[in-house]
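Coordinates from query_11.txt are shown below (compact mmCIF, C-alpha atoms and all ligand atoms).
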# COMPACT_ATOMS: atom_id res chain seq x y z
CA MET A 1 0.00 0.00 0.00
CA SER A 2 1.41 3.41 -0.92
CA THR A 3 1.94 6.09 1.74
CA PRO A 4 -0.91 8.64 1.73
CA VAL A 5 -0.18 12.23 0.76
CA MET A 6 -0.97 14.49 3.74
CA ILE A 7 -0.09 17.96 2.39
CA GLU A 8 -0.63 18.77 -1.27
CA ALA A 9 -0.21 21.99 -3.25
CA ASP A 10 -1.47 21.75 -6.81
CA GLY A 11 -0.60 24.68 -9.07
CA LEU A 12 -1.11 27.24 -6.30
CA CYS A 13 -0.98 30.90 -7.37
CA LYS A 14 -1.73 33.97 -5.31
CA GLN A 15 -1.94 37.42 -6.77
CA PHE A 16 -2.15 40.61 -4.66
CA GLY A 17 -3.21 43.36 -7.07
CA SER A 18 -0.76 43.07 -9.96
CA PHE A 19 1.87 41.29 -7.81
CA LEU A 20 2.17 37.52 -8.09
CA ALA A 21 3.34 36.42 -4.61
CA VAL A 22 3.00 32.63 -5.21
CA ARG A 23 3.58 31.27 -8.69
CA ASP A 24 2.39 27.83 -9.70
CA VAL A 25 3.57 26.05 -6.55
CA SER A 26 3.08 22.28 -6.56
CA PHE A 27 4.39 19.66 -4.16
CA SER A 28 3.15 16.73 -2.15
CA ILE A 29 4.27 15.61 1.28
CA PRO A 30 3.64 11.99 2.27
CA LYS A 31 2.56 10.91 5.74
CA GLY A 32 5.33 11.06 8.33
CA GLN A 33 7.69 13.43 6.51
CA VAL A 34 9.16 16.53 8.20
CA VAL A 35 9.84 19.15 5.55
CA ALA A 36 11.57 22.51 5.93
CA PHE A 37 10.14 25.36 3.85
CA LEU A 38 13.14 27.55 3.23
CA GLY A 39 13.44 30.90 1.50
CA PRO A 40 14.55 34.49 2.01
CA ASN A 41 12.30 37.17 3.51
CA GLY A 42 9.36 37.93 1.26
CA ALA A 43 9.79 34.73 -0.84
CA GLY A 44 6.19 33.63 -0.30
CA LYS A 45 6.46 31.16 2.59
CA THR A 46 3.72 32.67 4.76
CA THR A 47 1.38 33.17 1.80
CA THR A 48 1.85 29.54 0.68
CA MET A 49 1.20 28.32 4.23
CA ARG A 50 -1.95 30.43 4.44
CA LEU A 51 -3.10 28.92 1.13
CA LEU A 52 -2.40 25.42 2.46
CA THR A 53 -4.36 26.07 5.65
CA GLY A 54 -7.34 27.63 3.82
CA PHE A 55 -6.91 31.05 5.48
CA VAL A 56 -6.39 32.65 2.08
CA ALA A 57 -8.11 31.69 -1.18
CA PRO A 58 -5.83 30.92 -4.14
CA THR A 59 -6.04 32.89 -7.39
CA HIS A 60 -5.48 29.55 -9.15
CA GLY A 61 -4.81 26.01 -8.02
CA SER A 62 -5.85 24.06 -4.97
CA ALA A 63 -4.56 22.71 -1.65
CA ARG A 64 -5.42 19.49 0.14
CA ILE A 65 -4.77 18.39 3.71
CA ALA A 66 -5.13 14.62 4.26
CA GLY A 67 -6.83 14.50 0.87
CA ILE A 68 -9.41 17.16 1.84
CA ASN A 69 -9.70 20.27 -0.35
CA VAL A 70 -9.15 23.15 2.10
CA GLN A 71 -11.34 25.61 0.19
CA GLU A 72 -14.23 23.24 -0.38
CA ASN A 73 -14.20 21.60 3.08
CA ARG A 74 -12.41 24.01 5.36
CA ILE A 75 -13.82 22.75 8.68
CA GLU A 76 -13.12 19.11 7.86
CA ALA A 77 -9.57 20.01 6.77
CA ALA A 78 -9.04 22.10 9.93
CA GLU A 79 -9.80 19.04 12.08
CA ARG A 80 -6.80 17.27 10.56
CA LEU A 81 -4.52 20.30 10.72
CA GLY A 82 -2.59 22.20 13.39
CA TYR A 83 -1.40 25.65 12.31
CA LEU A 84 1.14 27.77 14.10
CA PRO A 85 0.99 31.24 12.52
CA GLU A 86 4.06 33.45 12.56
CA ASN A 87 2.96 35.52 15.53
CA GLY A 88 0.80 32.92 17.26
CA PRO A 89 -2.78 33.71 18.26
CA LEU A 90 -2.05 34.51 21.88
CA TYR A 91 -4.33 36.44 24.20
CA THR A 92 -1.92 37.99 26.66
CA ASP A 93 -4.37 38.33 29.58
CA MET A 94 -5.19 34.63 29.51
CA THR A 95 -3.15 31.90 31.17
CA PRO A 96 -1.93 28.99 29.01
CA ILE A 97 -4.58 26.76 30.61
CA GLY A 98 -7.32 29.34 29.96
CA LEU A 99 -6.21 29.72 26.35
CA LEU A 100 -6.13 25.95 25.80
CA ARG A 101 -9.64 25.59 27.30
CA PHE A 102 -10.83 28.38 25.00
CA PHE A 103 -9.33 26.87 21.84
CA GLY A 104 -10.37 23.37 22.87
CA ALA A 105 -14.02 24.44 23.28
CA ALA A 106 -13.86 26.29 19.95
CA ARG A 107 -12.70 23.03 18.33
CA GLY A 108 -15.52 21.04 19.87
CA LEU A 109 -13.54 19.33 22.66
CA SER A 110 -15.19 19.05 26.08
CA GLY A 111 -15.26 17.10 29.36
CA SER A 112 -12.63 14.49 30.01
CA ARG A 113 -11.39 14.49 26.38
CA LEU A 114 -10.57 18.23 26.68
CA ALA A 115 -8.95 17.75 30.12
CA ASP A 116 -6.88 14.82 28.83
CA ARG A 117 -5.72 16.71 25.72
CA ILE A 118 -4.78 19.79 27.78
CA ALA A 119 -2.78 17.61 30.19
CA ALA A 120 -1.06 15.92 27.23
CA VAL A 121 -0.01 19.14 25.44
CA VAL A 122 1.07 20.86 28.68
CA ASP A 123 3.35 17.89 29.26
CA GLN A 124 4.56 17.63 25.63
CA CYS A 125 5.33 21.37 25.40
CA SER A 126 6.82 21.52 28.96
CA LEU A 127 4.36 24.17 30.14
CA SER A 128 3.54 22.89 33.63
CA THR A 129 5.54 25.56 35.50
CA VAL A 130 3.85 28.43 33.64
CA ALA A 131 0.40 26.95 33.07
CA HIS A 132 -1.32 29.43 35.41
CA LYS A 133 0.70 32.58 34.67
CA ALA A 134 -0.57 35.34 32.36
CA ILE A 135 0.74 34.73 28.82
CA GLY A 136 1.78 38.41 28.63
CA LYS A 137 4.30 37.77 31.42
CA LEU A 138 5.95 34.77 29.78
CA SER A 139 9.23 34.76 27.84
CA LYS A 140 9.04 34.54 24.05
CA GLY A 141 10.22 30.91 24.21
CA TYR A 142 7.36 29.94 26.51
CA ARG A 143 4.88 31.90 24.40
CA GLN A 144 6.00 29.94 21.38
CA ARG A 145 5.41 26.72 23.34
CA VAL A 146 1.91 27.91 24.21
CA SER A 147 1.29 28.52 20.49
CA MET A 148 2.58 25.02 19.71
CA ALA A 149 0.33 23.57 22.41
CA GLN A 150 -2.76 25.21 20.88
CA ALA A 151 -1.75 23.99 17.41
CA ILE A 152 -1.56 20.34 18.52
CA LEU A 153 -4.42 20.43 21.07
CA HIS A 154 -6.89 18.52 18.86
CA ASP A 155 -4.12 15.99 18.03
CA PRO A 156 -4.02 16.72 14.28
CA ASP A 157 -2.13 14.47 11.83
CA VAL A 158 -0.63 17.45 10.01
CA LEU A 159 1.28 20.42 11.41
CA ILE A 160 2.10 23.61 9.53
CA MET A 161 4.41 25.93 11.44
CA ASP A 162 5.46 29.39 10.29
CA GLU A 163 8.93 30.33 11.57
CA PRO A 164 8.48 28.76 15.02
CA THR A 165 12.00 29.68 16.15
CA SER A 166 12.02 33.29 15.00
CA GLY A 167 13.16 35.71 17.69
CA LEU A 168 14.18 32.99 20.16
CA ASP A 169 17.53 32.70 21.92
CA PRO A 170 19.79 29.67 21.21
CA ASN A 171 18.54 27.68 24.20
CA GLN A 172 14.93 28.34 23.32
CA ILE A 173 15.67 27.37 19.69
CA ARG A 174 17.11 24.05 20.91
CA GLY A 175 13.96 23.41 22.92
CA VAL A 176 11.61 24.20 20.03
CA ARG A 177 13.71 22.09 17.62
CA ALA A 178 13.57 19.15 20.01
CA LEU A 179 9.81 19.57 20.21
CA ILE A 180 9.49 19.63 16.39
CA ARG A 181 11.61 16.47 16.13
CA ASP A 182 9.41 14.82 18.74
CA LEU A 183 6.20 15.85 16.92
CA GLY A 184 7.71 14.64 13.64
CA LYS A 185 7.76 11.08 15.01
CA THR A 186 3.98 10.89 14.75
CA LYS A 187 2.91 13.74 12.46
CA THR A 188 3.49 15.13 8.99
CA VAL A 189 5.17 18.52 9.41
CA LEU A 190 5.88 21.52 7.18
CA VAL A 191 7.96 24.13 8.99
CA SER A 192 9.08 27.41 7.45
CA THR A 193 12.33 29.18 8.15
CA HIS A 194 14.72 31.61 6.52
CA ILE A 195 17.55 30.30 8.68
CA LEU A 196 19.81 27.78 6.98
CA GLN A 197 21.18 26.19 10.13
CA GLU A 198 17.60 25.34 11.03
CA VAL A 199 17.11 22.91 8.16
CA GLU A 200 19.42 19.94 8.74
CA PRO A 201 18.67 19.36 12.44
CA ILE A 202 14.92 19.11 11.88
CA ALA A 203 14.06 18.05 8.36
CA GLY A 204 14.92 15.28 5.89
CA ARG A 205 13.63 17.29 2.95
CA VAL A 206 13.78 20.93 1.99
CA LEU A 207 11.45 22.89 -0.27
CA PHE A 208 13.15 26.11 -1.31
CA ILE A 209 11.00 29.02 -2.45
CA HIS A 210 12.28 32.19 -4.12
CA ASP A 211 10.18 34.95 -5.70
CA GLY A 212 7.07 32.82 -5.19
CA LYS A 213 8.45 29.78 -7.07
CA ILE A 214 9.82 26.46 -5.83
CA VAL A 215 13.46 26.43 -6.95
CA PHE A 216 14.65 23.27 -5.12
CA ASP A 217 12.96 20.19 -3.66
CA GLY A 218 15.20 17.52 -2.16
CA ALA A 219 17.47 16.47 0.71
CA PRO A 220 19.39 19.21 2.58
CA ALA A 221 22.67 17.40 1.78
CA ASP A 222 21.85 17.51 -1.97
CA LEU A 223 21.15 21.23 -1.70
CA ALA A 224 24.54 21.77 -0.06
CA ARG A 225 26.22 19.54 -2.66
CA LYS A 226 24.93 21.78 -5.47
CA SER A 227 27.21 24.62 -4.42
CA GLY A 228 29.59 23.25 -1.77
CA THR A 229 27.77 24.54 1.30
CA LEU A 230 24.18 25.32 2.25
CA GLU A 231 25.12 28.97 2.50
CA GLU A 232 26.50 29.03 -1.06
CA ALA A 233 23.42 27.18 -2.31
CA PHE A 234 21.16 29.72 -0.60
CA TYR A 235 23.09 32.55 -2.22
CA SER A 236 23.14 31.04 -5.71
CA LEU A 237 19.42 30.20 -5.62
CA THR A 238 18.40 33.67 -4.47
CA SER A 239 20.87 36.00 -6.15
CA GLN A 240 19.02 35.88 -9.52
CA PRO A 241 15.37 36.82 -10.03
CA VAL A 242 13.29 33.76 -11.03
N1 LIG B 301 -1.99 40.80 1.84
C1 LIG B 301 -0.99 41.15 1.03
N2 LIG B 301 -1.11 42.17 0.14
C2 LIG B 301 -0.11 42.50 -0.70
N3 LIG B 301 1.10 41.89 -0.73
C3 LIG B 301 1.29 40.89 0.13
C4 LIG B 301 0.27 40.46 1.06
N4 LIG B 301 0.76 39.43 1.79
C5 LIG B 301 2.04 39.23 1.34
N5 LIG B 301 2.34 40.08 0.35
C6 LIG B 301 3.62 40.14 -0.39
O1 LIG B 301 3.87 38.86 -0.93
C7 LIG B 301 5.26 38.54 -0.85
C8 LIG B 301 5.46 37.26 -0.09
O2 LIG B 301 5.17 37.50 1.29
P1 LIG B 301 5.23 36.36 2.39
O3 LIG B 301 4.83 36.97 3.70
O4 LIG B 301 4.46 35.18 1.92
O5 LIG B 301 6.78 36.01 2.38
P2 LIG B 301 7.64 35.16 3.44
O6 LIG B 301 8.51 34.26 2.63
O7 LIG B 301 6.75 34.53 4.45
O8 LIG B 301 8.54 36.29 4.10
P3 LIG B 301 9.06 36.43 5.63
O9 LIG B 301 10.15 35.42 5.81
O10 LIG B 301 9.58 37.84 5.61
O11 LIG B 301 7.89 36.24 6.54
C9 LIG B 301 5.95 39.74 -0.20
O12 LIG B 301 6.46 40.57 -1.23
C10 LIG B 301 4.81 40.43 0.53
O13 LIG B 301 5.04 41.82 0.61

The structure in this file should be written as structure tokens.
Ligand SMILES: Nc1ncnc2c1ncn2[C@@H]1O[C@H](COP(=O)(O)OP(=O)(O)OP(=O)(O)O)[C@@H](O)[C@H]1O
Amino acid sequence: MSTPVMIEADGLCKQFGSFLAVRDVSFSIPKGQVVAFLGPNGAGKTTTMRLLTGFVAPTHGSARIAGINVQENRIEAAERLGYLPENGPLYTDMTPIGLLRFFGAARGLSGSRLADRIAAVVDQCSLSTVAHKAIGKLSKGYRQRVSMAQAILHDPDVLIMDEPTSGLDPNQIRGVRALIRDLGKTKTVLVSTHILQEVEPIAGRVLFIHDGKIVFDGAPADLARKSGTLEEAFYSLTSQPV
């Protein structure tokens, strides 16, 4: 039996006015893969992720999560998907527990199932010491963990994370990377970054986007081999307009 495709972009295009931000992006990610979505600032990572999650409608093309078309069946797709937006949806007056109860109820969880899932994500994201503190008083690293916890609360098969380590210090980055690796054992993950050093420790495959187009799709080692180092490959792929 072949491995099911869990994340699929099929000819995705997104135009803002006369500007084409995402240009005919196609890829498919099979179950269990952890993929880094790499590209310089403004390359189109966030827009592609928003197309994949159904938050933004494509100008052309389609996206599927676990085989479900995200535009046609957004709610059904959302049940299979955890999304960590770039600046997570955090309400600073709430505590992590309050926020998780709020998101859990919004996703239809209740009673012992909700309590069990909250306990599981608090443990998985190492939030027990801050669970009852106001989110506004937490460090950026802990806030990122709270965002992760809300993204995986309903135990989705697929995780899409937009720059989860941005703005964190090296120790916090280590912690978030370890968490991504752990989540990657059971879930299909697409994680965006513009940081090269990020790619090899977390992902077995890299999708490189530049000027809204996929310019490389393969193993990080093969990307490095193209130009000697990952840094050279990044430069050579982004120094010319597509
Ligand atoms: N709502 C919008 N209206 C107009 N232009 C937009 C809109 N959203 C994004 N863009 C433009 O589309 C391009 C791609 O942006 P996007 O945020 O997807 O890039 P990115 O790769 O995620 O960048 P970063 O790493 O800086 O977050 C940029 O030029 C951006 O200015």

Select the residues contacting ligand LIG 301 (chain B) at a distance of at most 9 Å, based on only C-alpha atoms and all ligand atoms, then format the selection as a PDB file with C-alpha atoms, in the frame of the given file.
ATOM      1  CA  LYS A  14      -1.730  33.970  -5.310  1.00  0.00           C
ATOM      2  CA  GLN A  15      -1.940  37.420  -6.770  1.00  0.00           C
ATOM      3  CA  PHE A  16      -2.150  40.610  -4.660  1.00  0.00           C
ATOM      4  CA  GLY A  17      -3.210  43.360  -7.070  1.00  0.00           C
ATOM      5  CA  PHE A  19       1.870  41.290  -7.810  1.00  0.00           C
ATOM      6  CA  LEU A  20       2.170  37.520  -8.090  1.00  0.00           C
ATOM      7  CA  ALA A  21       3.340  36.420  -4.610  1.00  0.00           C
ATOM      8  CA  VAL A  22       3.000  32.630  -5.210  1.00  0.00           C
ATOM      9  CA  LEU A  38      13.140  27.550   3.230  1.00  0.00           C
ATOM     10  CA  GLY A  39      13.440  30.900   1.500  1.00  0.00           C
ATOM     11  CA  PRO A  40      14.550  34.490   2.010  1.00  0.00           C
ATOM     12  CA  ASN A  41      12.300  37.170   3.510  1.00  0.00           C
ATOM     13  CA  GLY A  42       9.360  37.930   1.260  1.00  0.00           C
ATOM     14  CA  ALA A  43       9.790  34.730  -0.840  1.00  0.00           C
ATOM     15  CA  GLY A  44       6.190  33.630  -0.300  1.00  0.00           C
ATOM     16  CA  LYS A  45       6.460  31.160   2.590  1.00  0.00           C
ATOM     17  CA  THR A  46       3.720  32.670   4.760  1.00  0.00           C
ATOM     18  CA  THR A  47       1.380  33.170   1.800  1.00  0.00           C
ATOM     19  CA  THR A  48       1.850  29.540   0.680  1.00  0.00           C
ATOM     20  CA  MET A  49       1.200  28.320   4.230  1.00  0.00           C
ATOM     21  CA  ARG A  50      -1.950  30.430   4.440  1.00  0.00           C
ATOM     22  CA  GLU A  86       4.060  33.450  12.560  1.00  0.00           C
ATOM     23  CA  ASP A 162       5.460  29.390  10.290  1.00  0.00           C
ATOM     24  CA  GLU A 163       8.930  30.330  11.570  1.00  0.00           C
ATOM     25  CA  SER A 192       9.080  27.410   7.450  1.00  0.00           C
ATOM     26  CA  THR A 193      12.330  29.180   8.150  1.00  0.00           C
ATOM     27  CA  HIS A 194      14.720  31.610   6.520  1.00  0.00           C
ATOM     28  CA  ILE A 209      11.000  29.020  -2.450  1.00  0.00           C
ATOM     29  CA  HIS A 210      12.280  32.190  -4.120  1.00  0.00           C
ATOM     30  CA  ASP A 211      10.180  34.950  -5.700  1.00  0.00           C
ATOM     31  CA  GLY A 212       7.070  32.820  -5.190  1.00  0.00           C
TER      32      GLY A 212
END

Using only C-alpha atoms, can you tell me which of A:Cys125, A:Ala115, A:Asp93, A:Pro164 comes closest to A:Leu138?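 Of A:Cys125, A:Ala115, A:Asp93, A:Pro164, the one nearest A:Leu138 is A:Asp93, counting only C-alpha atoms.
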
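Using all atoms listed in the file for every distance, the candidate list A:Val130, A:Ala36, A:Leu100, A:Val176 yields A:Ala36 as the residue closest to A:Asp217.
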
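Coordinates place atom CA of A:Ile214 at a distance of 18.7 Å from atom CA of A:Met6.
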
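Among the candidates A:Gly104, A:Thr95, A:Ala57, A:Arg177, the one nearest to A:Val146 when counting all atoms listed in the file is A:Thr95.
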
Separating atom CA of A:Ala106 from atom CA of A:Lys137, to the nearest tenth of an Å, is a gap of 24.4 Å

Let me know the centre plus edge lengths, in Å and rounded to one decimal, of a box with edges along x, y and z that contains all listed atoms of stretch 191-198 of chain A and is padded by 8 Å on every side, as JSON.
{"center_x": 14.6, "center_y": 27.9, "center_z": 8.8, "size_x": 29.2, "size_y": 23.5, "size_z": 20.5}

For A:Phe208, the closest of A:Phe37, A:Phe27, A:Phe55, A:Tyr91 counting only C-alpha atoms is A:Phe37

Residues within 10 Å of A:Gln172, please, as a list in words. Count all atoms listed in the file; anything in the same chain fewer than 3 positions from it doesn't count. Ser139, Lys140, Gly141, Tyr142, Gln144, Arg145, Thr165, Gly167, Leu168, Asp169, Gly175, Val176, Arg177 and Ala178 of chain A

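Closest approach to A:Asp116 among A:Arg143, A:Asp182, A:Met148, A:Leu153: A:Leu153, based on all atoms listed in the file.
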
Could you state the separation of atom CA of A:Ile152 and atom CA of A:His60 in Å, given to one decimal place?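 Value for the atom CA of A:Ile152-atom CA of A:His60 distance: 29.4 Å.
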
Nearest-residue call for A:Leu99, choices A:Gln197, A:Ser128, A:Ser147, A:Ser112, using only C-alpha atoms: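 Counting only C-alpha atoms, the residue closest to A:Leu99 is A:Ser147.
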
Selection: 8 Å around stretch 64-73 of chain A, all atoms listed in the file, excl. self and same-chain fewer than 6 positions, as a ChimeraX atom specification: /A:4-9,52-54,57,80-81,158

Can you pull out the residues contacting A:Thr92? Cut-off 6 Å, using only C-alpha atoms, and skip same-chain residues under 2 positions away; I want them as a VMD selection string. chain A and resid 90 94 135 to 136

Could you pull the residues within 7 Å of A:Pro220, counting all atoms listed in the file, minus those fewer than 3 positions along the same chain, as an MDAnalysis selection string? chainID A and resid 200 204:206 223:224

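Residues lying within 8 Å of (-4.8, 26.4, -7.0). Counted over only C-alpha atoms, they are Ala9, Asp10, Gly11, Leu12, Cys13, Asp24, Pro58, Thr59, His60, Gly61, Ser62 and Ala63 of chain A.
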